[in-house]
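Next comes entry_19.pdb, with PDB, C-alpha atoms.
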ATOM      1  CA  MET A   1      -7.218  28.804   8.456  1.00  0.00           C
ATOM      2  CA  ASN A   2      -5.266  26.490  10.768  1.00  0.00           C
ATOM      3  CA  THR A   3      -7.932  23.814  10.277  1.00  0.00           C
ATOM      4  CA  ARG A   4      -7.474  23.986   6.496  1.00  0.00           C
ATOM      5  CA  ILE A   5      -3.692  23.651   6.798  1.00  0.00           C
ATOM      6  CA  SER A   6      -4.030  20.754   9.241  1.00  0.00           C
ATOM      7  CA  PHE A   7      -6.567  19.054   6.972  1.00  0.00           C
ATOM      8  CA  ALA A   8      -4.341  19.552   3.903  1.00  0.00           C
ATOM      9  CA  ALA A   9      -1.303  18.256   5.797  1.00  0.00           C
ATOM     10  CA  ALA A  10      -3.265  15.197   6.963  1.00  0.00           C
ATOM     11  CA  LEU A  11      -4.401  14.479   3.381  1.00  0.00           C
ATOM     12  CA  PHE A  12      -0.826  14.858   2.144  1.00  0.00           C
ATOM     13  CA  ILE A  13       0.470  12.409   4.773  1.00  0.00           C
ATOM     14  CA  ILE A  14      -2.270   9.873   3.957  1.00  0.00           C
ATOM     15  CA  ALA A  15      -1.596  10.199   0.211  1.00  0.00           C
ATOM     16  CA  ALA A  16       2.136   9.778   0.748  1.00  0.00           C
ATOM     17  CA  ALA A  17       1.553   6.721   2.936  1.00  0.00           C
ATOM     18  CA  MET A  18      -0.692   5.189   0.262  1.00  0.00           C
ATOM     19  CA  LEU A  19       1.918   5.759  -2.439  1.00  0.00           C
ATOM     20  CA  ILE A  20       4.761   4.359  -0.349  1.00  0.00           C
ATOM     21  CA  SER A  21       2.948   1.367   1.150  1.00  0.00           C
ATOM     22  CA  PRO A  22       2.863  -0.829  -1.992  1.00  0.00           C
ATOM     23  CA  VAL A  23       6.652  -0.479  -2.291  1.00  0.00           C
ATOM     24  CA  THR A  24       7.473  -1.116   1.364  1.00  0.00           C
ATOM     25  CA  PRO A  25       6.582  -4.856   1.458  1.00  0.00           C
ATOM     26  CA  VAL A  26       8.960  -5.541  -1.440  1.00  0.00           C
ATOM     27  CA  TRP A  27      11.818  -3.969   0.502  1.00  0.00           C
ATOM     28  CA  ALA A  28      10.809  -5.813   3.652  1.00  0.00           C
ATOM     29  CA  GLU A  29      10.912  -9.166   1.856  1.00  0.00           C
ATOM     30  CA  GLY A  30      14.522  -8.827   0.710  1.00  0.00           C
ATOM     31  CA  GLY A  31      17.174 -10.672   2.636  1.00  0.00           C
ATOM     32  CA  ALA A  32      16.802 -11.971   6.184  1.00  0.00           C
ATOM     33  CA  SER A  33      17.626 -10.913   9.720  1.00  0.00           C
ATOM     34  CA  THR A  34      20.122 -13.758  10.359  1.00  0.00           C
ATOM     35  CA  PRO A  35      21.978 -16.308   8.226  1.00  0.00           C
ATOM     36  CA  VAL A  36      19.793 -19.142   9.546  1.00  0.00           C
ATOM     37  CA  VAL A  37      16.600 -17.232   8.715  1.00  0.00           C
ATOM     38  CA  LEU A  38      18.068 -16.632   5.235  1.00  0.00           C
ATOM     39  CA  GLY A  39      18.701 -20.344   4.796  1.00  0.00           C
ATOM     40  CA  ASN A  40      15.197 -21.224   5.921  1.00  0.00           C
ATOM     41  CA  LYS A  41      13.718 -18.666   3.502  1.00  0.00           C
ATOM     42  CA  VAL A  42      15.749 -20.228   0.682  1.00  0.00           C
ATOM     43  CA  LEU A  43      14.399 -23.677   1.553  1.00  0.00           C
ATOM     44  CA  GLU A  44      10.820 -22.355   1.775  1.00  0.00           C
ATOM     45  CA  SER A  45      11.168 -20.676  -1.625  1.00  0.00           C
ATOM     46  CA  ILE A  46      12.514 -23.868  -3.181  1.00  0.00           C
ATOM     47  CA  LYS A  47       9.718 -25.976  -1.672  1.00  0.00           C
ATOM     48  CA  SER A  48       7.048 -23.541  -2.895  1.00  0.00           C
ATOM     49  CA  GLN A  49       8.834 -23.032  -6.261  1.00  0.00           C
ATOM     50  CA  ASN A  50       8.844 -19.273  -5.602  1.00  0.00           C
ATOM     51  CA  LYS A  51      11.327 -17.779  -8.058  1.00  0.00           C
ATOM     52  CA  ASP A  52      10.601 -14.190  -6.963  1.00  0.00           C
ATOM     53  CA  GLY A  53      11.104 -15.188  -3.329  1.00  0.00           C
ATOM     54  CA  LEU A  54      14.526 -16.621  -4.190  1.00  0.00           C
ATOM     55  CA  LYS A  55      15.470 -13.532  -6.161  1.00  0.00           C
ATOM     56  CA  SER A  56      14.671 -11.333  -3.143  1.00  0.00           C
ATOM     57  CA  LEU A  57      17.232 -13.330  -1.127  1.00  0.00           C
ATOM     58  CA  ILE A  58      20.090 -12.570  -3.539  1.00  0.00           C
ATOM     59  CA  HIS A  59      22.143  -9.464  -2.801  1.00  0.00           C
ATOM     60  CA  PRO A  60      20.636  -6.545  -4.796  1.00  0.00           C
ATOM     61  CA  GLU A  61      24.043  -5.512  -6.211  1.00  0.00           C
ATOM     62  CA  VAL A  62      24.581  -9.064  -7.492  1.00  0.00           C
ATOM     63  CA  VAL A  63      21.160  -9.006  -9.168  1.00  0.00           C
ATOM     64  CA  THR A  64      22.057  -5.697 -10.861  1.00  0.00           C
ATOM     65  CA  TYR A  65      25.510  -6.994 -11.868  1.00  0.00           C
ATOM     66  CA  LEU A  66      24.087 -10.168 -13.422  1.00  0.00           C
ATOM     67  CA  ASN A  67      21.315  -8.308 -15.233  1.00  0.00           C
ATOM     68  CA  ASP A  68      23.855  -5.827 -16.672  1.00  0.00           C
ATOM     69  CA  LYS A  69      26.745  -8.189 -17.476  1.00  0.00           C
ATOM     70  CA  SER A  70      24.965 -11.477 -18.245  1.00  0.00           C
ATOM     71  CA  PRO A  71      21.319 -10.996 -19.204  1.00  0.00           C
ATOM     72  CA  GLY A  72      19.354 -14.193 -18.648  1.00  0.00           C
ATOM     73  CA  GLU A  73      21.969 -15.744 -16.356  1.00  0.00           C
ATOM     74  CA  LEU A  74      20.073 -14.901 -13.173  1.00  0.00           C
ATOM     75  CA  ASP A  75      16.995 -16.737 -14.450  1.00  0.00           C
ATOM     76  CA  LYS A  76      19.119 -19.819 -15.167  1.00  0.00           C
ATOM     77  CA  VAL A  77      20.572 -19.691 -11.642  1.00  0.00           C
ATOM     78  CA  LEU A  78      17.111 -19.305 -10.104  1.00  0.00           C
ATOM     79  CA  ASP A  79      15.785 -22.207 -12.199  1.00  0.00           C
ATOM     80  CA  ASN A  80      18.700 -24.347 -10.948  1.00  0.00           C
ATOM     81  CA  PHE A  81      17.873 -23.400  -7.353  1.00  0.00           C
ATOM     82  CA  LEU A  82      14.312 -24.619  -7.869  1.00  0.00           C
ATOM     83  CA  THR A  83      15.556 -28.093  -8.875  1.00  0.00           C
ATOM     84  CA  LEU A  84      17.573 -28.645  -5.680  1.00  0.00           C
ATOM     85  CA  GLN A  85      16.557 -31.604  -3.528  1.00  0.00           C
ATOM     86  CA  ILE A  86      15.941 -30.576   0.068  1.00  0.00           C
ATOM     87  CA  PRO A  87      16.850 -33.104   2.759  1.00  0.00           C
ATOM     88  CA  LYS A  88      14.165 -34.112   5.267  1.00  0.00           C
ATOM     89  CA  SER A  89      16.205 -32.801   8.172  1.00  0.00           C
ATOM     90  CA  GLY A  90      19.166 -30.539   8.609  1.00  0.00           C
ATOM     91  CA  GLU A  91      20.602 -27.523  10.303  1.00  0.00           C
ATOM     92  CA  PHE A  92      22.470 -24.479   9.075  1.00  0.00           C
ATOM     93  CA  VAL A  93      26.060 -23.806  10.105  1.00  0.00           C
ATOM     94  CA  VAL A  94      27.911 -20.561   9.415  1.00  0.00           C
ATOM     95  CA  GLN A  95      31.594 -20.705   8.453  1.00  0.00           C
ATOM     96  CA  PRO A  96      33.695 -17.567   7.897  1.00  0.00           C
ATOM     97  CA  ILE A  97      34.857 -17.221   4.293  1.00  0.00           C
ATOM     98  CA  ASN A  98      38.403 -16.468   5.475  1.00  0.00           C
ATOM     99  CA  GLU A  99      38.655 -20.135   6.565  1.00  0.00           C
ATOM    100  CA  VAL A 100      38.318 -21.208   2.921  1.00  0.00           C
ATOM    101  CA  SER A 101      41.859 -21.338   1.560  1.00  0.00           C
ATOM    102  CA  GLU A 102      40.688 -21.240  -2.065  1.00  0.00           C
ATOM    103  CA  TYR A 103      39.100 -17.803  -1.575  1.00  0.00           C
ATOM    104  CA  ASP A 104      41.231 -14.716  -2.279  1.00  0.00           C
ATOM    105  CA  ASN A 105      39.817 -11.707  -0.457  1.00  0.00           C
ATOM    106  CA  ALA A 106      41.931  -9.206  -2.439  1.00  0.00           C
ATOM    107  CA  THR A 107      40.526 -10.267  -5.821  1.00  0.00           C
ATOM    108  CA  GLN A 108      37.142 -11.546  -4.549  1.00  0.00           C
ATOM    109  CA  THR A 109      37.761 -14.828  -6.348  1.00  0.00           C
ATOM    110  CA  LEU A 110      37.472 -18.486  -5.468  1.00  0.00           C
ATOM    111  CA  ILE A 111      39.155 -21.351  -7.267  1.00  0.00           C
ATOM    112  CA  PHE A 112      36.642 -24.199  -7.547  1.00  0.00           C
ATOM    113  CA  ARG A 113      37.069 -27.329  -9.689  1.00  0.00           C
ATOM    114  CA  GLY A 114      39.575 -25.582 -11.915  1.00  0.00           C
ATOM    115  CA  TYR A 115      37.430 -22.491 -12.475  1.00  0.00           C
ATOM    116  CA  THR A 116      38.006 -19.023 -11.116  1.00  0.00           C
ATOM    117  CA  LEU A 117      34.781 -17.619  -9.728  1.00  0.00           C
ATOM    118  CA  TYR A 118      34.445 -13.870  -9.186  1.00  0.00           C
ATOM    119  CA  PHE A 119      32.136 -12.418  -6.531  1.00  0.00           C
ATOM    120  CA  PRO A 120      30.723  -8.999  -7.559  1.00  0.00           C
ATOM    121  CA  VAL A 121      30.082  -8.423  -3.838  1.00  0.00           C
ATOM    122  CA  PRO A 122      32.574  -9.923  -1.372  1.00  0.00           C
ATOM    123  CA  PRO A 123      31.025 -12.698   0.734  1.00  0.00           C
ATOM    124  CA  MET A 124      31.480 -12.658   4.506  1.00  0.00           C
ATOM    125  CA  ASP A 125      30.566 -16.242   5.316  1.00  0.00           C
ATOM    126  CA  LEU A 126      29.444 -19.595   4.028  1.00  0.00           C
ATOM    127  CA  LEU A 127      26.030 -20.872   5.050  1.00  0.00           C
ATOM    128  CA  VAL A 128      26.112 -24.666   4.996  1.00  0.00           C
ATOM    129  CA  LEU A 129      23.069 -26.921   5.305  1.00  0.00           C
ATOM    130  CA  VAL A 130      24.280 -29.933   7.259  1.00  0.00           C
ATOM    131  CA  THR A 131      22.327 -33.187   7.565  1.00  0.00           C
ATOM    132  CA  ASP A 132      22.902 -36.675   8.947  1.00  0.00           C
ATOM    133  CA  ALA A 133      24.266 -39.046   6.349  1.00  0.00           C
ATOM    134  CA  GLU A 134      25.814 -42.472   6.076  1.00  0.00           C
ATOM    135  CA  ILE A 135      29.324 -42.255   4.748  1.00  0.00           C
ATOM    136  CA  ALA A 136      31.252 -45.264   3.471  1.00  0.00           C
ATOM    137  CA  LYS A 137      34.726 -45.617   4.989  1.00  0.00           C
ATOM    138  CA  LYS A 138      37.424 -48.195   4.382  1.00  0.00           C
ATOM    139  CA  ASP A 139      39.611 -49.376   7.196  1.00  0.00           C
ATOM    140  CA  ASP A 140      43.299 -50.389   6.933  1.00  0.00           C
ATOM    141  CA  LYS A 141      42.326 -53.802   5.537  1.00  0.00           C
ATOM    142  CA  GLY A 142      40.105 -52.319   2.840  1.00  0.00           C
ATOM    143  CA  VAL A 143      36.873 -53.361   4.525  1.00  0.00           C
ATOM    144  CA  GLU A 144      34.136 -50.833   3.873  1.00  0.00           C
ATOM    145  CA  THR A 145      31.786 -49.837   6.661  1.00  0.00           C
ATOM    146  CA  LYS A 146      29.124 -47.174   6.825  1.00  0.00           C
ATOM    147  CA  THR A 147      29.388 -44.540   9.492  1.00  0.00           C
ATOM    148  CA  LYS A 148      26.836 -41.927  10.485  1.00  0.00           C
ATOM    149  CA  ALA A 149      28.216 -38.422  10.172  1.00  0.00           C
ATOM    150  CA  LYS A 150      27.174 -34.848   9.496  1.00  0.00           C
ATOM    151  CA  ALA A 151      27.550 -33.861   5.853  1.00  0.00           C
ATOM    152  CA  GLY A 152      27.108 -30.543   4.082  1.00  0.00           C
ATOM    153  CA  VAL A 153      24.490 -30.830   1.349  1.00  0.00           C
ATOM    154  CA  MET A 154      24.045 -27.177   0.318  1.00  0.00           C
ATOM    155  CA  VAL A 155      26.486 -24.282   0.558  1.00  0.00           C
ATOM    156  CA  TYR A 156      25.692 -20.610   0.005  1.00  0.00           C
ATOM    157  CA  THR A 157      28.088 -17.672   0.080  1.00  0.00           C
ATOM    158  CA  ILE A 158      26.429 -14.902   2.080  1.00  0.00           C
ATOM    159  CA  THR A 159      26.959 -11.335   3.254  1.00  0.00           C
ATOM    160  CA  GLN A 160      25.146  -8.540   5.019  1.00  0.00           C
ATOM    161  CA  ASN A 161      23.715  -5.444   3.380  1.00  0.00           C
ATOM    162  CA  LYS A 162      21.902  -2.725   5.333  1.00  0.00           C
ATOM    163  CA  GLY A 163      21.335  -5.076   8.267  1.00  0.00           C
ATOM    164  CA  ASN A 164      19.962  -7.989   6.220  1.00  0.00           C
ATOM    165  CA  TRP A 165      21.687 -11.168   5.065  1.00  0.00           C
ATOM    166  CA  TYR A 166      21.767 -12.092   1.373  1.00  0.00           C
ATOM    167  CA  ILE A 167      23.147 -14.788  -0.889  1.00  0.00           C
ATOM    168  CA  VAL A 168      26.128 -13.661  -2.966  1.00  0.00           C
ATOM    169  CA  LEU A 169      26.383 -15.444  -6.296  1.00  0.00           C
ATOM    170  CA  PRO A 170      29.701 -15.773  -8.111  1.00  0.00           C
ATOM    171  CA  VAL A 171      30.282 -15.600 -11.845  1.00  0.00           C
ATOM    172  CA  LYS A 172      32.889 -17.471 -13.853  1.00  0.00           C
ATOM    173  CA  LYS A 173      35.870 -15.223 -14.352  1.00  0.00           C
ATOM    174  CA  ASN A 174      37.432 -17.438 -16.987  1.00  0.00           C
ATOM    175  CA  ALA A 175      35.968 -19.987 -19.316  1.00  0.00           C
ATOM    176  CA  GLU A 176      38.906 -22.347 -19.336  1.00  0.00           C
ATOM    177  CA  LYS A 177      38.176 -25.918 -18.487  1.00  0.00           C
ATOM    178  CA  PRO A 178      40.218 -27.661 -15.824  1.00  0.00           C
ATOM    179  CA  GLU A 179      43.411 -29.166 -17.177  1.00  0.00           C
ATOM    180  CA  GLU A 180      43.072 -32.782 -18.174  1.00  0.00           C
ATOM    181  CA  LYS A 181      45.164 -35.110 -16.070  1.00  0.00           C
ATOM    182  CA  LYS A 182      47.962 -36.558 -18.152  1.00  0.00           C
ATOM    183  CA  GLN A 183      48.210 -40.315 -18.049  1.00  0.00           C
TER     184      GLN A 183
END

Go ahead and render the structure in this file as structure tokens.
Amino acid sequence: MNTRISFAAALFIIAAAMLISPVTPVWAEGGASTPVVLGNKVLESIKSQNKDGLKSLIHPEVVTYLNDKSPGELDKVLDNFLTLQIPKSGEFVVQPINEVSEYDNATQTLIFRGYTLYFPVPPMDLLVLVTDAEIAKKDDKGVETKTKAKAGVMVYTITQNKGNWYIVLPVKKNAEKPEEKKQ
């Protein structure tokens, strides 16, 4: 009798493992262990034109929010990601979101180019891809020279969820256009 119970228990465990195993890799793919790993996964997904890979790097609550509130918007965002030009070299730098004066933690909003952007999930940091660039500068006499400097070429708002790092996408809170400058 004990052999039958042990055999039945073993079959149950094997069956359960077989049912769970196809789902487990999907969960394992989501997010990344560090912000830099997240950034590198984003770049890999863009290079390989992997829309599903990009989607797995976006915070799951943001994906749900966009699918519920703005059907089709997530696909547009992912398509835009896939058109980004990736520099030949660069490194990722993490900057705390509280250093960005335009971000209001209480309302989870950011003022950017005259638009108010709402974050369905509050971001913790910015992940900035920095690369070497030549920047034109003018001196006191108006003479322009080119100087080598580090420049941010891609910026992602990011946060942690269940130990993994994810991109947090904002949505426009208002549709007003920036005020025209009066001349």

Residues matched by the PyMOL selection byres ((chain A and resi 46) around 9), written as an MDAnalysis selection string: chainID A and resid 41:45 47:51 53:54 81:86

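For the pair CA of Thr107 in chain A and CA of Val130 in chain A, the interatomic distance is 28.7 Å.
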
Counting all atoms listed in the file, the option among A:Met124, A:Val94, A:Ala136, A:Leu110 closest to Thr159 in chain A: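 Using all atoms listed in the file, the shortest distance to Thr159 in chain A belongs to A:Met124.
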
The PyMOL selection byres ((chain A and resi 61) around 12) resolved against shown file, as a PyMOL selection string: chain A and resi 55-60+62-69+119-122+159-161+166-170

Give as a PDB file with C-alpha atoms, in the coordinates of the input the residues that the PyMOL selection byres ((chain A and resi 132) around 9) matches when applied to the coordinates above.
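Just written: selection_22.pdb:
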ATOM      1  CA  SER A  89      16.205 -32.801   8.172  1.00  0.00           C
ATOM      2  CA  GLY A  90      19.166 -30.539   8.609  1.00  0.00           C
ATOM      3  CA  VAL A 130      24.280 -29.933   7.259  1.00  0.00           C
ATOM      4  CA  THR A 131      22.327 -33.187   7.565  1.00  0.00           C
ATOM      5  CA  ALA A 133      24.266 -39.046   6.349  1.00  0.00           C
ATOM      6  CA  GLU A 134      25.814 -42.472   6.076  1.00  0.00           C
ATOM      7  CA  LYS A 148      26.836 -41.927  10.485  1.00  0.00           C
ATOM      8  CA  ALA A 149      28.216 -38.422  10.172  1.00  0.00           C
ATOM      9  CA  LYS A 150      27.174 -34.848   9.496  1.00  0.00           C
ATOM     10  CA  ALA A 151      27.550 -33.861   5.853  1.00  0.00           C
ATOM     11  CA  GLY A 152      27.108 -30.543   4.082  1.00  0.00           C
TER      12      GLY A 152
END

A:Thr145, A:Ser101, A:Ser33, A:Leu78 ranked by distance to Asp52 in chain A, top pick (using all atoms listed in the file): A:Leu78
